[in-house]
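Coordinates from data.cif are shown below (mmCIF, C-alpha atoms and all ligand atoms).
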data_my_file
loop_
_atom_site.label_atom_id
_atom_site.label_comp_id
_atom_site.auth_asym_id
_atom_site.auth_seq_id
_atom_site.Cartn_x
_atom_site.Cartn_y
_atom_site.Cartn_z
CA MET A 1 0.00 0.00 0.00
CA SER A 2 1.39 3.42 -0.90
CA ARG A 3 2.00 5.98 1.81
CA SER A 4 -0.83 8.15 0.62
CA GLY A 5 -3.13 5.25 -0.18
CA GLU A 6 -6.67 4.56 0.97
CA GLY A 7 -5.58 2.42 3.92
CA ASP A 8 -3.51 5.16 5.57
CA LEU A 9 -4.39 5.92 9.15
CA ARG A 10 -5.44 9.48 9.72
CA PHE A 11 -5.53 10.82 13.24
CA VAL A 12 -5.77 14.05 15.18
CA ILE A 13 -3.09 15.25 17.60
CA VAL A 14 -4.87 17.17 20.35
CA THR A 15 -2.69 19.75 22.07
CA THR A 16 -2.69 23.44 22.87
CA ASN A 17 1.13 23.42 22.97
CA MET A 18 2.53 24.32 19.55
CA GLY A 19 6.06 23.44 20.67
CA LYS A 20 4.92 19.87 21.23
CA ALA A 21 3.06 19.86 17.92
CA GLU A 22 6.20 20.88 16.03
CA GLU A 23 8.23 18.11 17.68
CA PHE A 24 5.59 15.52 16.75
CA GLN A 25 5.30 16.86 13.20
CA LYS A 26 9.02 16.44 12.56
CA ILE A 27 8.91 12.81 13.71
CA PHE A 28 5.67 11.75 12.07
CA GLU A 29 6.81 13.24 8.73
CA ARG A 30 9.59 10.65 8.69
CA TYR A 31 7.00 7.87 8.82
CA GLY A 32 4.69 9.51 6.29
CA LEU A 33 1.85 9.54 8.80
CA LYS A 34 -1.34 11.46 8.05
CA PHE A 35 -2.51 13.70 10.87
CA ARG A 36 -3.70 17.15 11.78
CA VAL A 37 -3.29 19.19 14.95
CA GLU A 38 -6.36 20.34 16.86
CA GLN A 39 -6.00 22.93 19.64
CA LEU A 40 -8.65 21.52 21.93
CA ALA A 41 -8.49 21.93 25.70
CA THR A 42 -9.22 18.59 27.39
CA ILE A 43 -10.22 17.75 30.94
CA GLU A 44 -7.18 16.66 32.94
CA ILE A 45 -7.74 14.32 35.89
CA GLN A 46 -5.40 14.36 38.89
CA SER A 47 -3.16 11.32 39.09
CA MET A 48 0.45 10.50 39.91
CA ASP A 49 0.58 8.46 36.71
CA LEU A 50 1.03 10.27 33.37
CA ARG A 51 -0.43 7.24 31.56
CA GLU A 52 -3.70 7.51 33.50
CA ILE A 53 -3.95 11.24 32.78
CA ALA A 54 -3.29 10.68 29.06
CA LYS A 55 -5.81 7.84 28.91
CA HIS A 56 -8.62 9.95 30.33
CA ARG A 57 -7.74 12.90 28.14
CA VAL A 58 -7.74 10.84 24.94
CA LEU A 59 -11.18 9.44 25.67
CA HIS A 60 -12.49 12.92 26.39
CA ALA A 61 -10.97 14.19 23.13
CA TYR A 62 -12.48 11.28 21.19
CA ASN A 63 -15.93 11.99 22.63
CA VAL A 64 -15.67 15.53 21.32
CA LEU A 65 -14.07 14.84 17.92
CA ARG A 66 -15.29 11.32 17.07
CA GLU A 67 -12.08 10.70 15.08
CA PRO A 68 -8.95 8.63 15.84
CA VAL A 69 -7.09 10.78 18.30
CA MET A 70 -3.76 11.07 20.08
CA VAL A 71 -2.80 13.09 23.16
CA GLU A 72 0.40 13.33 25.17
CA ASP A 73 1.10 14.04 28.79
CA ALA A 74 4.61 14.86 29.92
CA GLY A 75 6.43 16.04 32.98
CA LEU A 76 9.76 16.81 34.60
CA PHE A 77 10.66 14.50 37.48
CA VAL A 78 13.43 15.85 39.71
CA GLU A 79 15.18 13.20 41.80
CA ALA A 80 16.13 15.43 44.75
CA LEU A 81 12.53 16.72 44.95
CA GLY A 82 11.04 13.23 45.15
CA GLY A 83 9.87 13.37 41.54
CA PHE A 84 8.29 16.83 41.79
CA PRO A 85 6.86 18.50 39.73
CA GLY A 86 6.11 15.28 37.75
CA PRO A 87 2.42 15.14 36.78
CA PHE A 88 1.97 18.68 38.13
CA SER A 89 4.54 20.14 35.71
CA SER A 90 2.23 22.34 33.72
CA TYR A 91 0.70 23.88 36.87
CA VAL A 92 4.14 24.35 38.41
CA PHE A 93 5.46 25.90 35.19
CA ARG A 94 2.55 28.36 35.14
CA THR A 95 2.95 29.27 38.82
CA ILE A 96 6.51 29.17 40.22
CA GLY A 97 8.08 28.49 36.80
CA ILE A 98 11.74 27.88 36.04
CA LYS A 99 12.80 30.40 38.70
CA GLY A 100 10.83 28.53 41.34
CA ILE A 101 12.38 25.17 40.46
CA LEU A 102 15.86 26.69 40.52
CA LYS A 103 15.08 28.21 43.93
CA LEU A 104 14.03 24.78 45.26
CA MET A 105 17.29 23.38 43.88
CA GLU A 106 19.55 26.02 45.48
CA GLY A 107 22.52 24.29 47.12
CA VAL A 108 21.34 20.86 45.91
CA ARG A 109 24.23 18.91 44.43
CA ASP A 110 22.27 15.91 43.15
CA ARG A 111 20.61 17.51 40.12
CA ARG A 112 19.46 14.34 38.37
CA ALA A 113 16.10 14.59 36.63
CA GLN A 114 14.01 12.88 33.98
CA PHE A 115 11.51 14.05 31.43
CA ARG A 116 8.78 11.47 30.88
CA SER A 117 6.16 11.29 28.17
CA ALA A 118 3.01 9.20 27.83
CA ILE A 119 1.16 9.16 24.52
CA ALA A 120 -2.39 7.82 24.41
CA PHE A 121 -4.16 6.86 21.18
CA TYR A 122 -7.79 5.91 20.78
CA SER A 123 -9.87 4.75 17.87
CA PRO A 124 -12.82 2.34 18.06
CA LEU A 125 -11.03 0.28 15.41
CA THR A 126 -7.99 -0.37 17.61
CA GLU A 127 -9.59 -0.56 21.05
CA PRO A 128 -8.67 -0.32 23.92
CA VAL A 129 -6.63 2.90 24.47
CA LYS A 130 -3.00 2.33 23.47
CA ILE A 131 -0.25 3.89 25.56
CA PHE A 132 3.36 4.57 24.48
CA THR A 133 5.97 5.98 26.86
CA GLY A 134 9.39 7.55 26.56
CA GLU A 135 11.90 9.11 28.91
CA VAL A 136 15.19 10.93 28.95
CA SER A 137 17.58 11.28 31.89
CA GLY A 138 19.69 14.32 32.59
CA TRP A 139 20.30 17.15 35.04
CA VAL A 140 18.70 20.39 36.14
CA ALA A 141 21.04 23.19 35.03
CA GLU A 142 22.35 25.77 37.53
CA GLU A 143 20.80 28.57 35.48
CA PRO A 144 18.54 28.79 32.40
CA ARG A 145 20.29 28.59 29.03
CA GLY A 146 18.80 28.95 25.56
CA THR A 147 15.62 30.40 24.12
CA LYS A 148 14.43 27.48 22.01
CA GLY A 149 11.76 24.92 22.88
CA PHE A 150 9.25 25.50 25.65
CA GLY A 151 8.52 24.86 29.31
CA PHE A 152 11.49 23.64 31.31
CA ASP A 153 13.73 23.19 28.23
CA PRO A 154 16.18 25.96 29.30
CA ILE A 155 17.04 24.12 32.54
CA PHE A 156 17.23 20.51 31.33
CA ILE A 157 20.59 19.05 30.23
CA PRO A 158 20.14 15.58 28.64
CA ALA A 159 22.78 13.11 29.84
CA GLU A 160 23.38 11.81 26.31
CA GLY A 161 23.99 15.28 24.88
CA ASP A 162 26.98 17.60 24.77
CA GLY A 163 26.19 19.68 27.85
CA ARG A 164 23.71 22.01 26.17
CA THR A 165 20.20 22.37 27.53
CA PHE A 166 17.16 21.47 25.42
CA GLY A 167 16.61 25.23 25.26
CA GLU A 168 19.85 25.53 23.27
CA MET A 169 18.88 22.83 20.75
CA ASP A 170 16.89 22.93 17.52
CA VAL A 171 13.81 20.73 17.33
CA GLU A 172 15.69 18.03 15.40
CA GLU A 173 18.49 17.99 17.99
CA LYS A 174 16.05 17.75 20.88
CA ASN A 175 14.22 14.99 19.01
CA ALA A 176 17.42 12.92 18.99
CA PHE A 177 17.14 12.46 22.77
CA SER A 178 13.79 13.56 24.06
CA HIS A 179 11.16 11.65 26.03
CA ARG A 180 8.52 12.83 23.55
CA ALA A 181 10.50 11.68 20.49
CA ARG A 182 10.99 8.26 22.07
CA ALA A 183 7.31 7.82 22.84
CA ALA A 184 6.38 9.26 19.43
CA MET A 185 8.61 6.80 17.57
CA ARG A 186 7.10 3.88 19.47
CA PHE A 187 3.63 5.12 18.54
CA ALA A 188 4.66 5.74 14.91
CA GLU A 189 6.13 2.23 14.58
CA TRP A 190 2.91 0.73 15.90
CA ILE A 191 0.51 2.77 13.81
CA SER A 192 2.62 2.30 10.67
CA LYS A 193 2.15 -1.45 10.98
CA LEU A 194 -1.62 -1.02 10.76
CA ARG A 195 -1.33 0.41 7.25
CA GLY A 196 -3.38 -1.60 4.87
CA VAL A 197 -4.63 -3.84 7.69
CA ALA A 198 -7.25 -1.66 9.33
CA PRO A 199 -10.00 -0.12 7.24
CA PRO A 200 -9.32 3.45 6.14
CA TYR A 201 -10.06 6.16 8.66
CA ARG A 202 -12.08 9.13 7.58
P1 LIG B 301 1.69 18.70 29.55
O1 LIG B 301 2.00 17.34 29.05
O2 LIG B 301 1.34 19.63 28.44
O3 LIG B 301 0.73 18.72 30.69
O4 LIG B 301 3.09 19.24 30.04
C1 LIG B 301 3.36 19.50 31.34
C2 LIG B 301 4.44 20.52 31.50
O5 LIG B 301 5.68 19.83 31.56
C3 LIG B 301 4.59 21.53 30.38
O6 LIG B 301 3.83 22.67 30.61
C4 LIG B 301 6.06 21.87 30.47
O7 LIG B 301 6.25 22.88 31.42
C5 LIG B 301 6.68 20.60 30.98
N1 LIG B 301 7.21 19.82 29.85
C6 LIG B 301 6.73 18.70 29.31
N2 LIG B 301 7.47 18.30 28.28
C7 LIG B 301 8.45 19.21 28.16
C8 LIG B 301 9.52 19.36 27.26
O8 LIG B 301 9.74 18.61 26.32
N3 LIG B 301 10.30 20.42 27.49
C9 LIG B 301 10.11 21.30 28.49
N4 LIG B 301 9.12 21.23 29.34
C10 LIG B 301 8.28 20.17 29.18
#

Spell out the structure here as structure tokens.
Amino acid sequence: MSRSGEGDLRFVIVTTNMGKAEEFQKIFERYGLKFRVEQLATIEIQSMDLREIAKHRVLHAYNVLREPVMVEDAGLFVEALGGFPGPFSSYVFRTIGIKGILKLMEGVRDRRAQFRSAIAFYSPLTEPVKIFTGEVSGWVAEEPRGTKGFGFDPIFIPAEGDGRTFGEMDVEEKNAFSHRARAAMRFAEWISKLRGVAPPYR
């Protein structure tokens, strides 16, 4: 089946974060996936588990759109803070922000942290909800560096990188290491295999 054939899977990425959307776009292009981005705000339940949050959000999004749909939930988990802000990352970013995290980390020598991502996909043709995860380990920087990316990117140094923060990397460079890219590639591998097997999505 050709990449633009009848059996291609079309889906909607639901996010209000255009930084995330750009990262997904760059990865999904490589697989020739067919998708569009919808800026729909979804209800977010409280849970310590990103996968649970993503699962509820994807079902809510599906109930609104009635199309195959994908959402992602991500967070920064700081070792010395017992995993905080973790699932509360977007609230923490909006309230105390990067400055607040750096303040909490003042004098802390163990700066290990992880970004984690959970992608949820739902379509009645591939029930139940499918979850794909990815993570990247690194450190919280001493001060913000770089103006690229979004969220906590200026204070996260991936361990596999060259010492730059995500905020100092282009999208393609960040995608070489990031939690989101890892989850997105797992999702893309899975959905690519359905080509020509599942009936065409409208
Ligand atoms: P959510 O998945 O949109 O709820 O993301 C939660 C929050 O985690 C975001 O608002 C960001 O502050 C932070 N975050 C998640 N992923 C990233 C990333 O790739 N870079 C920087 N910050 C991130």

One decimal place gives the atom CA of A:Glu160-atom CA of A:Phe177 separation as 7.2 Å

Give me, as an MDAnalysis selection string, all polymer residues having an atom no more than 12 Å from A:Pro154, counting only C-alpha atoms and skipping those fewer than 2 positions away in the same chain.
chainID A and resid 97:99 101:102 139:152 156:158 163:169 174

**Item:** Residues within 7 Å of ligand LIG 301 (chain B), counting all atoms listed in the file, as an MDAnalysis selection string
**Value:** chainID A and resid 17 72:76 88:90 93 115 149:153 178 180

Requested in this report: Pick out the closest residue to A:Val136 from this set: A:Ile155, A:Leu104, A:Ala183, A:Val92. Count only C-alpha atoms.
Outcome: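 Of A:Ile155, A:Leu104, A:Ala183, A:Val92, the one nearest A:Val136, counting only C-alpha atoms, is A:Ala183.
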
Nearest to A:Gln25, chosen from A:Ala61, A:Ala184, A:Val69, A:Leu194, with only C-alpha atoms counted in the distances =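 The closest residue to A:Gln25 is A:Ala184.
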
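Distance check against A:Ala41 using all atoms listed in the file: of A:Ala80, A:Met185, A:Ile119, A:Val64, the minimum falls on A:Val64.
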
I'd like the contact shell of stretch 45-59 of chain A - 12 Å cut-off, only C-alpha atoms, skipping same-chain residues fewer than 4 positions apart - returned as a PyMOL selection string.
chain A and resi 11-15+40-41+63-77+83-89+91+115-124+127-135+183

Q.
Just the number, please: distance in Å from atom CA of A:Ala113 to atom CA of A:Val78, one decimal.
A.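 Atom-to-atom, atom CA of A:Ala113 to atom CA of A:Val78, that is 4.3 Å.
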
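What separates atom CA of A:Glu189 from atom CA of A:Tyr31 is a distance of 8.1 Å.
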
Pick from A:Glu173, A:Thr95, A:Met18, A:Ala188 nearest to A:Phe35, counting only C-alpha atoms: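 Smallest separation from A:Phe35 among the options: A:Ala188.
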
Restricting to all atoms listed in the file, whichever of A:Ile191, A:Ala21, A:Val171, A:Leu81 is closest to A:Glu106 is A:Leu81

Writing N, CA and C atoms and nothing else, produce stretch 111-137 of chain A as a short mmCIF file (atom, residue, chain, number, x, y, z; two decimals), in the first residue's frame.
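Okay, this is what ended up in result_27.cif:
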data_model
loop_
_atom_site.label_atom_id
_atom_site.label_comp_id
_atom_site.auth_asym_id
_atom_site.auth_seq_id
_atom_site.Cartn_x
_atom_site.Cartn_y
_atom_site.Cartn_z
N ARG A 111 21.53 16.78 41.00
CA ARG A 111 20.61 17.51 40.12
C ARG A 111 19.99 16.59 39.07
N ARG A 112 20.02 15.29 39.34
CA ARG A 112 19.46 14.34 38.37
C ARG A 112 17.95 14.54 38.18
N ALA A 113 17.52 14.41 36.95
CA ALA A 113 16.10 14.59 36.63
C ALA A 113 15.77 13.78 35.39
N GLN A 114 14.48 13.59 35.19
CA GLN A 114 14.01 12.88 33.98
C GLN A 114 12.83 13.63 33.40
N PHE A 115 12.76 13.68 32.08
CA PHE A 115 11.51 14.05 31.43
C PHE A 115 10.84 12.75 31.04
N ARG A 116 9.54 12.67 31.29
CA ARG A 116 8.78 11.47 30.88
C ARG A 116 7.60 11.89 30.03
N SER A 117 7.27 11.03 29.09
CA SER A 117 6.16 11.29 28.17
C SER A 117 5.27 10.06 28.09
N ALA A 118 3.96 10.30 28.07
CA ALA A 118 3.01 9.20 27.83
C ALA A 118 2.05 9.65 26.73
N ILE A 119 2.06 8.90 25.64
CA ILE A 119 1.16 9.16 24.52
C ILE A 119 -0.01 8.19 24.63
N ALA A 120 -1.21 8.70 24.45
CA ALA A 120 -2.39 7.82 24.41
C ALA A 120 -3.06 7.99 23.06
N PHE A 121 -3.46 6.85 22.48
CA PHE A 121 -4.16 6.86 21.18
C PHE A 121 -5.45 6.09 21.34
N TYR A 122 -6.53 6.65 20.76
CA TYR A 122 -7.79 5.91 20.78
C TYR A 122 -8.50 6.00 19.45
N SER A 123 -8.97 4.84 19.01
CA SER A 123 -9.87 4.75 17.87
C SER A 123 -10.71 3.52 18.14
N PRO A 124 -11.99 3.54 17.83
CA PRO A 124 -12.82 2.34 18.06
C PRO A 124 -12.31 1.14 17.29
N LEU A 125 -11.53 1.39 16.22
CA LEU A 125 -11.03 0.28 15.41
C LEU A 125 -9.80 -0.41 16.01
N THR A 126 -9.19 0.23 16.99
CA THR A 126 -7.99 -0.37 17.61
C THR A 126 -8.13 -0.44 19.13
N GLU A 127 -9.35 -0.53 19.60
CA GLU A 127 -9.59 -0.56 21.05
C GLU A 127 -8.73 -1.60 21.74
N PRO A 128 -8.42 -1.46 23.05
CA PRO A 128 -8.67 -0.32 23.92
C PRO A 128 -7.64 0.79 23.69
N VAL A 129 -7.61 1.80 24.57
CA VAL A 129 -6.63 2.90 24.47
C VAL A 129 -5.22 2.31 24.46
N LYS A 130 -4.40 2.77 23.53
CA LYS A 130 -3.00 2.33 23.47
C LYS A 130 -2.12 3.40 24.09
N ILE A 131 -1.15 2.95 24.89
CA ILE A 131 -0.25 3.89 25.56
C ILE A 131 1.19 3.61 25.13
N PHE A 132 1.94 4.68 24.87
CA PHE A 132 3.36 4.57 24.48
C PHE A 132 4.14 5.55 25.35
N THR A 133 5.23 5.08 25.96
CA THR A 133 5.97 5.98 26.86
C THR A 133 7.40 6.19 26.38
N GLY A 134 7.99 7.26 26.86
CA GLY A 134 9.39 7.55 26.56
C GLY A 134 9.97 8.38 27.68
N GLU A 135 11.27 8.27 27.89
CA GLU A 135 11.90 9.11 28.91
C GLU A 135 13.32 9.46 28.53
N VAL A 136 13.81 10.53 29.14
CA VAL A 136 15.19 10.93 28.95
C VAL A 136 15.74 11.38 30.30
N SER A 137 16.95 10.90 30.62
CA SER A 137 17.58 11.28 31.89
C SER A 137 18.57 12.41 31.66
#
